[in-house]
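*Asks:* See target-v4.cif below, with mmCIF, C-alpha atoms.
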```cif
data_protein
#
loop_
_atom_site.label_atom_id
_atom_site.label_comp_id
_atom_site.auth_asym_id
_atom_site.auth_seq_id
_atom_site.Cartn_x
_atom_site.Cartn_y
_atom_site.Cartn_z
CA MET J 1189 319.13 152.72 68.30
CA GLY J 1190 318.38 152.51 72.02
CA TRP J 1191 320.10 154.46 74.75
CA GLN J 1192 323.47 152.74 74.45
CA ALA J 1193 325.78 155.45 75.75
CA HIS J 1194 324.02 155.68 79.11
CA HIS J 1195 324.85 153.66 82.23
CA TRP J 1196 321.61 151.97 83.08
CA TYR J 1197 320.62 151.31 86.60
CA HIS J 1198 319.36 148.00 87.85
CA ARG J 1199 317.11 148.02 90.87
CA ALA J 1200 315.34 145.00 92.36
CA TYR J 1201 311.58 145.27 92.69
CA ASP J 1202 310.01 145.70 96.09
CA GLN J 1203 308.26 142.46 97.03
CA HIS J 1204 306.00 143.98 99.68
CA THR J 1205 302.21 143.93 99.36
CA HIS J 1206 302.36 147.22 97.49
CA ARG J 1207 305.04 149.52 96.12
CA ARG J 1208 305.33 153.24 96.65
CA VAL J 1209 307.45 155.11 94.11
CA ASN J 1210 309.06 158.24 95.53
CA LEU J 1211 311.17 160.81 93.75
CA LYS J 1212 314.77 160.62 94.89
CA GLY J 1213 317.30 163.37 95.46
CA PHE J 1214 315.44 165.35 98.12
CA ARG J 1215 316.67 165.80 101.67
CA TYR J 1216 313.59 167.04 103.52
CA THR J 1217 310.73 165.74 101.40
CA SER J 1218 309.84 162.53 99.58
CA PRO J 1219 307.46 163.36 96.71
CA LEU J 1220 305.14 160.44 95.98
CA LEU J 1221 305.05 159.57 92.27
CA ASP J 1222 302.92 156.44 92.25
CA VAL J 1223 301.47 153.66 94.37
CA GLU J 1224 301.13 150.17 92.89
CA LEU J 1225 298.83 147.62 94.49
CA PRO J 1226 299.52 143.89 94.21
CA GLU J 1227 298.73 142.43 90.80
CA GLY J 1228 295.02 142.13 90.11
CA LEU J 1229 293.74 144.10 93.10
CA ARG J 1230 291.63 147.21 92.80
CA VAL J 1231 290.09 149.35 95.49
CA ASN J 1232 286.74 147.92 96.66
CA TYR J 1233 286.48 145.58 93.66
CA GLU J 1234 287.30 142.05 92.66
CA PRO J 1235 290.60 141.22 90.91
CA ILE J 1236 290.76 141.54 87.12
CA SER J 1237 288.83 138.61 85.65
CA PHE J 1238 290.10 138.56 82.08
CA LYS J 1239 293.82 138.03 82.69
CA TYR J 1240 293.54 134.31 81.97
CA LYS J 1241 292.14 134.90 78.48
CA PHE J 1242 295.36 136.69 77.63
CA LYS J 1243 297.50 134.05 79.29
CA ASP J 1244 295.86 131.47 77.00
CA PHE J 1245 296.24 133.80 74.00
CA VAL J 1246 299.99 134.19 74.57
CA LYS J 1247 300.43 130.42 74.79
CA GLN J 1248 298.46 129.95 71.56
CA GLN J 1249 300.65 132.44 69.68
CA VAL J 1250 303.85 130.79 70.86
CA ASP J 1251 302.55 127.27 70.17
CA ALA J 1252 301.49 128.32 66.66
CA GLY J 1253 304.96 129.70 65.95
CA LYS J 1254 303.79 133.26 65.37
CA VAL J 1255 306.22 134.49 68.03
CA ARG J 1256 309.06 133.02 70.04
CA ASP J 1257 307.86 134.76 73.16
CA MET J 1258 305.79 137.77 74.18
CA ALA J 1259 304.65 139.76 77.18
CA ILE J 1260 301.55 141.81 77.98
CA TYR J 1261 300.88 144.53 80.55
CA TYR J 1262 297.53 146.12 81.39
CA ARG J 1263 296.63 148.71 84.01
CA ASP J 1264 293.36 150.47 84.71
CA LEU J 1265 294.32 154.08 85.40
CA ALA J 1266 291.13 154.84 87.34
CA ASP J 1267 292.02 152.94 90.51
CA GLY J 1268 295.14 150.99 89.68
CA PRO J 1269 294.39 147.28 89.07
CA TRP J 1270 296.89 145.67 86.72
CA PHE J 1271 298.10 142.35 85.40
CA GLY J 1272 301.10 141.09 83.52
CA ILE J 1273 301.79 138.06 81.35
CA ASN J 1274 305.53 137.28 81.33
CA GLU J 1275 305.87 140.75 82.83
CA LYS J 1276 309.47 140.19 83.95
CA THR J 1277 310.71 138.83 80.60
CA GLU J 1278 313.21 141.26 79.12
CA PHE J 1279 313.22 142.54 75.55
CA SER J 1280 315.32 145.05 73.63
CA ALA J 1281 313.99 148.50 74.43
CA ALA J 1282 314.83 149.83 70.94
CA SER J 1283 313.02 153.03 69.93
CA MET J 1284 310.82 153.02 73.00
CA MET J 1285 313.74 154.62 74.81
CA LYS J 1286 312.94 157.79 72.89
CA VAL J 1287 310.35 158.41 75.61
CA PRO J 1288 312.87 159.12 78.41
CA VAL J 1289 314.85 161.36 76.02
CA MET J 1290 311.65 163.36 75.50
CA ILE J 1291 311.02 163.48 79.25
CA ALA J 1292 314.54 164.78 79.91
CA TRP J 1293 314.06 167.63 77.44
CA LEU J 1294 310.63 168.54 78.83
CA LYS J 1295 312.09 168.54 82.33
CA ARG J 1296 314.66 171.07 81.14
CA ALA J 1297 311.84 173.08 79.54
CA GLU J 1298 310.15 173.33 82.94
CA ARG J 1299 313.13 175.36 84.11
CA ASP J 1300 313.53 177.29 80.86
CA PRO J 1301 310.46 177.26 78.55
CA LYS J 1302 312.47 179.02 75.83
CA VAL J 1303 314.54 175.87 75.31
CA LEU J 1304 311.83 174.31 73.12
CA GLY J 1305 312.33 177.12 70.61
CA SER J 1306 316.11 176.81 70.44
CA GLN J 1307 317.51 175.30 67.23
CA LEU J 1308 319.89 172.49 66.33
CA LEU J 1309 321.50 171.84 62.95
CA TYR J 1310 321.28 168.38 61.37
CA ASP J 1311 324.44 167.97 59.28
CA GLY J 1312 323.40 164.65 57.72
CA LYS J 1313 326.83 163.05 58.16
CA GLN J 1314 325.26 159.88 59.49
CA ASP J 1315 321.83 158.47 58.75
CA MET J 1316 320.64 156.50 61.77
CA ASN J 1317 317.40 155.52 60.02
CA VAL J 1318 319.21 152.93 57.88
CA TYR J 1319 319.00 150.60 60.88
CA GLU J 1320 315.20 150.65 60.99
CA ASN J 1321 312.99 148.01 59.38
CA ILE J 1322 309.89 150.17 59.76
CA LYS J 1323 310.99 153.36 58.03
CA PRO J 1324 309.73 156.76 59.23
CA ALA J 1325 307.23 158.46 56.92
CA ASN J 1326 308.91 161.84 57.45
CA VAL J 1327 312.47 162.66 58.50
CA ILE J 1328 314.60 165.70 59.18
CA VAL J 1329 316.62 167.04 56.24
CA PRO J 1330 320.44 167.45 56.19
CA GLY J 1331 321.63 171.05 56.33
CA LYS J 1332 318.49 172.35 58.01
CA LYS J 1333 317.96 173.70 61.52
CA TYR J 1334 315.11 172.48 63.69
CA THR J 1335 313.74 173.66 67.01
CA ILE J 1336 313.82 171.27 69.95
CA GLU J 1337 310.03 171.06 69.78
CA GLU J 1338 310.16 170.11 66.10
CA LEU J 1339 312.80 167.47 66.78
CA LEU J 1340 310.66 165.99 69.57
CA ARG J 1341 307.77 165.72 67.14
CA TYR J 1342 309.88 164.00 64.46
CA MET J 1343 311.34 161.65 67.07
CA LEU J 1344 307.97 160.62 68.49
CA GLN J 1345 305.47 160.97 65.65
CA TYR J 1346 307.68 159.36 63.02
CA SER J 1347 310.29 157.61 65.20
CA ASP J 1348 313.05 159.44 63.31
CA ASN J 1349 316.37 158.18 64.66
CA ASN J 1350 318.25 161.22 63.34
CA ALA J 1351 316.06 163.57 65.38
CA MET J 1352 316.59 161.30 68.36
CA ALA J 1353 320.38 161.34 67.94
CA LEU J 1354 320.46 165.15 67.87
CA LEU J 1355 318.37 165.36 71.02
CA TYR J 1356 320.23 162.58 72.80
CA TYR J 1357 323.74 163.91 72.20
CA THR J 1358 322.79 167.52 73.02
CA ILE J 1359 321.29 166.93 76.45
CA SER J 1360 323.52 165.99 79.38
CA GLN J 1361 323.95 162.46 80.66
CA LYS J 1362 323.01 163.69 84.13
CA GLU J 1363 319.63 164.90 82.87
CA LEU J 1364 319.03 161.56 81.18
CA GLY J 1365 320.10 159.71 84.31
CA ASP J 1366 317.79 161.80 86.46
CA VAL J 1367 314.84 160.54 84.43
CA LEU J 1368 315.64 156.93 85.28
CA ASP J 1369 316.41 157.72 88.90
CA GLY J 1370 313.21 159.72 89.24
CA MET J 1371 310.80 157.23 87.69
CA ASP J 1372 309.73 153.66 88.44
CA VAL J 1373 311.92 152.04 85.78
CA ASN J 1374 314.06 148.96 86.30
CA ASN J 1375 316.80 148.37 83.73
CA ARG J 1376 319.92 146.27 83.60
CA PRO J 1377 323.18 147.07 81.84
CA ALA J 1378 323.96 145.13 78.66
CA ALA J 1379 327.02 145.05 76.42
CA GLU J 1380 325.38 146.23 73.23
CA GLU J 1381 321.74 147.10 73.87
CA ASN J 1382 319.26 147.90 76.59
CA PHE J 1383 316.79 145.38 77.91
CA ILE J 1384 313.57 146.11 79.73
CA SER J 1385 310.37 144.34 80.79
CA VAL J 1386 306.78 145.42 80.20
CA HIS J 1387 306.30 145.92 83.93
CA SER J 1388 309.34 148.13 84.21
CA TYR J 1389 308.57 150.19 81.10
CA SER J 1390 305.03 150.88 82.37
CA GLY J 1391 306.56 153.29 84.88
CA PHE J 1392 307.06 155.94 82.21
CA PHE J 1393 303.39 155.98 81.24
CA ARG J 1394 301.99 155.67 84.77
CA ILE J 1395 303.97 158.64 85.98
CA LEU J 1396 303.32 160.74 82.89
CA TYR J 1397 299.58 160.15 83.26
CA ASN J 1398 299.70 161.19 86.91
CA SER J 1399 301.78 164.34 86.14
CA ALA J 1400 303.99 163.13 88.97
CA TYR J 1401 307.46 163.75 87.49
CA LEU J 1402 306.85 166.48 84.93
CA ASN J 1403 304.44 169.27 85.82
CA ARG J 1404 300.94 169.23 84.36
CA GLU J 1405 301.79 171.40 81.37
CA MET J 1406 304.77 169.28 80.34
CA SER J 1407 303.01 165.98 81.09
CA GLU J 1408 300.20 167.11 78.79
CA LYS J 1409 302.72 168.03 76.12
CA ALA J 1410 304.46 164.66 76.46
CA LEU J 1411 301.27 162.65 76.03
CA GLU J 1412 300.08 164.92 73.23
CA LEU J 1413 303.33 164.23 71.35
CA LEU J 1414 302.87 160.50 71.93
CA SER J 1415 299.31 160.71 70.62
CA LEU J 1416 300.71 161.78 67.22
CA GLN J 1417 302.54 158.50 66.64
CA ASP J 1418 302.31 157.21 63.08
CA PHE J 1419 302.03 153.44 63.63
CA PRO J 1420 298.58 152.57 62.30
CA GLN J 1421 299.16 148.80 62.32
CA GLY J 1422 299.51 148.60 66.11
CA ILE J 1423 297.42 149.45 69.17
CA VAL J 1424 295.36 152.09 67.38
CA ALA J 1425 294.18 149.51 64.85
CA GLY J 1426 292.52 147.56 67.66
CA VAL J 1427 290.33 150.36 68.97
CA PRO J 1428 287.39 152.23 67.38
CA PRO J 1429 288.28 155.06 64.96
CA GLY J 1430 288.71 158.36 66.74
CA THR J 1431 289.86 156.80 70.03
CA VAL J 1432 292.85 158.74 71.34
CA VAL J 1433 295.94 156.60 71.89
CA ALA J 1434 299.21 158.02 73.26
CA SER J 1435 301.85 155.41 72.51
CA LYS J 1436 305.33 154.53 71.32
CA PHE J 1437 306.48 151.51 69.34
CA GLY J 1438 309.92 150.02 69.00
CA GLU J 1439 311.48 147.42 66.71
CA ASN J 1440 314.79 145.61 66.64
CA ALA J 1441 316.52 142.94 64.56
CA SER J 1442 319.32 140.68 65.76
CA GLY J 1443 321.02 137.45 64.79
CA PRO J 1444 323.56 136.81 62.00
CA ARG J 1445 321.03 137.75 59.29
CA GLY J 1446 318.74 139.92 61.37
CA GLU J 1447 316.31 137.02 61.56
CA ILE J 1448 315.26 137.62 65.17
CA LYS J 1449 312.69 140.40 65.13
CA GLN J 1450 311.35 142.30 68.10
CA LEU J 1451 308.30 144.53 67.86
CA HIS J 1452 306.74 146.29 70.83
CA GLU J 1453 304.22 149.00 71.57
CA PHE J 1454 303.24 150.68 74.80
CA GLY J 1455 300.70 153.38 75.43
CA ILE J 1456 297.60 154.82 77.04
CA VAL J 1457 294.19 154.18 75.47
CA TYR J 1458 291.62 156.85 76.35
CA HIS J 1459 288.55 154.63 76.54
CA PRO J 1460 285.24 156.53 77.04
CA ASN J 1461 284.82 154.74 80.38
CA GLY J 1462 288.34 155.40 81.61
CA ALA J 1463 291.93 155.41 80.39
CA TYR J 1464 294.16 152.35 80.65
CA ILE J 1465 297.76 151.41 79.91
CA ILE J 1466 298.50 148.61 77.48
CA GLY J 1467 301.92 147.21 76.62
CA ILE J 1468 302.84 144.36 74.28
CA MET J 1469 306.38 143.13 73.63
CA THR J 1470 307.08 140.40 71.08
CA ARG J 1471 310.06 138.44 69.79
CA GLY J 1472 309.70 136.40 66.60
CA ASN J 1473 310.75 136.31 62.96
CA ASP J 1474 307.89 138.08 61.14
CA LEU J 1475 307.11 141.73 61.90
CA ASN J 1476 303.76 141.52 60.11
CA LYS J 1477 302.60 138.65 62.32
CA GLN J 1478 303.88 140.46 65.38
CA ALA J 1479 302.01 143.65 64.43
CA GLU J 1480 298.88 141.55 63.97
CA ILE J 1481 299.31 140.18 67.50
CA ILE J 1482 299.69 143.70 68.92
CA ARG J 1483 296.47 144.96 67.33
CA THR J 1484 294.62 141.76 68.31
CA VAL J 1485 295.60 142.17 71.95
CA SER J 1486 294.59 145.83 71.72
CA ALA J 1487 291.15 144.90 70.35
CA MET J 1488 290.68 142.18 72.99
CA ILE J 1489 291.49 144.49 75.88
CA TYR J 1490 289.29 147.28 74.54
CA SER J 1491 286.42 144.80 74.24
CA GLU J 1492 286.96 143.51 77.79
CA VAL J 1493 287.08 147.03 79.22
CA SER J 1494 283.89 147.94 77.34
CA ALA J 1495 282.13 144.78 78.58
CA ALA J 1496 283.20 145.40 82.18
CA ALA J 1497 281.96 148.98 82.00
CA ALA J 1498 278.59 147.89 80.56
CA LYS J 1499 278.22 145.26 83.29
CA ALA J 1500 279.02 147.79 86.00
CA GLN J 1501 276.44 150.24 84.63
CA ALA J 1502 273.79 147.52 84.47
CA SER J 1503 274.38 146.27 87.99
CA PRO J 1504 271.88 147.47 90.64
CA ARG J 1505 273.33 149.90 93.14
#
```
Would you mind writing the structure in this file as structure tokens?

*Replies:*
Amino acid sequence: MGWQAHHWYHRAYDQHTHRRVNLKGFRYTSPLLDVELPEGLRVNYEPISFKYKFKDFVKQQVDAGKVRDMAIYYRDLADGPWFGINEKTEFSAASMMKVPVMIAWLKRAERDPKVLGSQLLYDGKQDMNVYENIKPANVIVPGKKYTIEELLRYMLQYSDNNAMALLYYTISQKELGDVLDGMDVNNRPAAEENFISVHSYSGFFRILYNSAYLNREMSEKALELLSLQDFPQGIVAGVPPGTVVASKFGENASGPRGEIKQLHEFGIVYHPNGAYIIGIMTRGNDLNKQAEIIRTVSAMIYSEVSAAAAKAQASPR
């Protein structure tokens, strides 16, 4: 469904040696949300060594015809090193734009905690889930009232478009716009849909993890909701059972017969040795193959992080 009614803002990336992301709208202060080092660098360590394995992997998938194109983003949340493969390539944001809708509501709940218990009626006049290829396992029911908190859970756990529509059209456009203005997200306007890159989208998860935009309580709630996501064929399938993953997937079909498929997933993996962000965006013609690529990348990165941690522990101090 995307966030089509909103006027997206396009901001060029800072090309300096590092980027500081500050919250806008303040006259006397400049709250620091995030600092991003140049790609690959980490404090007191060597650059990330395994980027080139993923660069080769992406080329292999494209050459084999499994996808038309794809992008990968990785960031170690301990001290900030990151890398991107095709990180500026833009894809349809699709259902991943449910994340800023959630953030806007939780920002309102900071001011008025009672808002999460207020109710909205779903009249069922329009079923937005008919546009999805990956159907939600559970959906809201016509004629029934739901609390805002319940609607957030349906929107994020099951990717229910009807819950999203209720939440989207009930909150103000200013509150939605404030989320984009207040976070490190770079979007460009499009006639029919929103486009975003893996690097740009990573801003939502970096700033949620740092509790830099929402307060700690609401940041915890946001990531807890994202940890409920019911998409077992994606990132979570590439990590050991029981590993916590807070993520959101999105899918889109375009072309005269819907033959161009996009499937993406972005999230935080809570590895025992430290959390990291992973994002994969794909464009192809077979959602099953694209889901396989997402879980393969997830497994590869988990393995690399585990190997790096083992090596660090074995190294003499």

*Asks:* Which polymer residues have any atom within 12 Å of an atom of Lys1254 (chain J), counting all atoms listed in the file, with same-chain residues fewer than 6 positions away left out, as a ChimeraX atom specification?

*Replies:* /J:1245-1248,1449,1470-1482

*Asks:* Taking the file as shown, find all residues satisfying the PyMOL selection byres ((chain J and resi 1406) around 9) and write them as number ranges by chain.

*Replies:* J: 1291, 1294-1295, 1297-1298, 1399, 1402-1405, 1407-1411

*Asks:* Using the chain letters and numbers from the file, give me the residues hit by the PyMOL selection byres ((chain J and resi 1458-1462) around 12), as an mmCIF file with C-alpha atoms, in the coordinates of the input.

*Replies:*
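Result file result_5.cif:
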```
data_model
loop_
_atom_site.group_PDB
_atom_site.id
_atom_site.type_symbol
_atom_site.label_atom_id
_atom_site.label_comp_id
_atom_site.auth_asym_id
_atom_site.auth_seq_id
_atom_site.Cartn_x
_atom_site.Cartn_y
_atom_site.Cartn_z
ATOM 1 C CA ARG J 1263 296.630 148.710 84.010
ATOM 2 C CA ASP J 1264 293.360 150.470 84.710
ATOM 3 C CA LEU J 1265 294.320 154.080 85.400
ATOM 4 C CA ALA J 1266 291.130 154.840 87.340
ATOM 5 C CA ASP J 1267 292.020 152.940 90.510
ATOM 6 C CA GLY J 1268 295.140 150.990 89.680
ATOM 7 C CA TYR J 1397 299.580 160.150 83.260
ATOM 8 C CA LEU J 1411 301.270 162.650 76.030
ATOM 9 C CA SER J 1415 299.310 160.710 70.620
ATOM 10 C CA ILE J 1423 297.420 149.450 69.170
ATOM 11 C CA VAL J 1424 295.360 152.090 67.380
ATOM 12 C CA VAL J 1427 290.330 150.360 68.970
ATOM 13 C CA PRO J 1428 287.390 152.230 67.380
ATOM 14 C CA PRO J 1429 288.280 155.060 64.960
ATOM 15 C CA GLY J 1430 288.710 158.360 66.740
ATOM 16 C CA THR J 1431 289.860 156.800 70.030
ATOM 17 C CA VAL J 1432 292.850 158.740 71.340
ATOM 18 C CA VAL J 1433 295.940 156.600 71.890
ATOM 19 C CA ALA J 1434 299.210 158.020 73.260
ATOM 20 C CA SER J 1435 301.850 155.410 72.510
ATOM 21 C CA GLY J 1455 300.700 153.380 75.430
ATOM 22 C CA ILE J 1456 297.600 154.820 77.040
ATOM 23 C CA VAL J 1457 294.190 154.180 75.470
ATOM 24 C CA ALA J 1463 291.930 155.410 80.390
ATOM 25 C CA TYR J 1464 294.160 152.350 80.650
ATOM 26 C CA ILE J 1465 297.760 151.410 79.910
ATOM 27 C CA ILE J 1466 298.500 148.610 77.480
ATOM 28 C CA SER J 1486 294.590 145.830 71.720
ATOM 29 C CA ALA J 1487 291.150 144.900 70.350
ATOM 30 C CA ILE J 1489 291.490 144.490 75.880
ATOM 31 C CA TYR J 1490 289.290 147.280 74.540
ATOM 32 C CA SER J 1491 286.420 144.800 74.240
ATOM 33 C CA GLU J 1492 286.960 143.510 77.790
ATOM 34 C CA VAL J 1493 287.080 147.030 79.220
ATOM 35 C CA SER J 1494 283.890 147.940 77.340
ATOM 36 C CA ALA J 1495 282.130 144.780 78.580
ATOM 37 C CA ALA J 1496 283.200 145.400 82.180
ATOM 38 C CA ALA J 1497 281.960 148.980 82.000
ATOM 39 C CA ALA J 1498 278.590 147.890 80.560
ATOM 40 C CA LYS J 1499 278.220 145.260 83.290
ATOM 41 C CA ALA J 1500 279.020 147.790 86.000
ATOM 42 C CA GLN J 1501 276.440 150.240 84.630
#
```

*Asks:* Using only C-alpha atoms, pick whichever of J:Glu1439, J:Asp1366, J:Asp1251, J:Asp1348 has the shortest atom-to-atom distance to Gln1417 (chain J).

*Replies:* J:Asp1348

*Asks:* Report the residues retrieved by the PyMOL selection byres ((chain J and resi 1326) around 10) from the displayed file, expressed as a list in words.

*Replies:*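 In the shown coordinates, the PyMOL selection byres ((chain J and resi 1326) around 10) covers Lys1323, Pro1324, Ala1325, Val1327, Ile1328, Val1329, Tyr1342, Met1343, Gln1345, Tyr1346, Ser1347, Asp1348 and Asp1418 of chain J.
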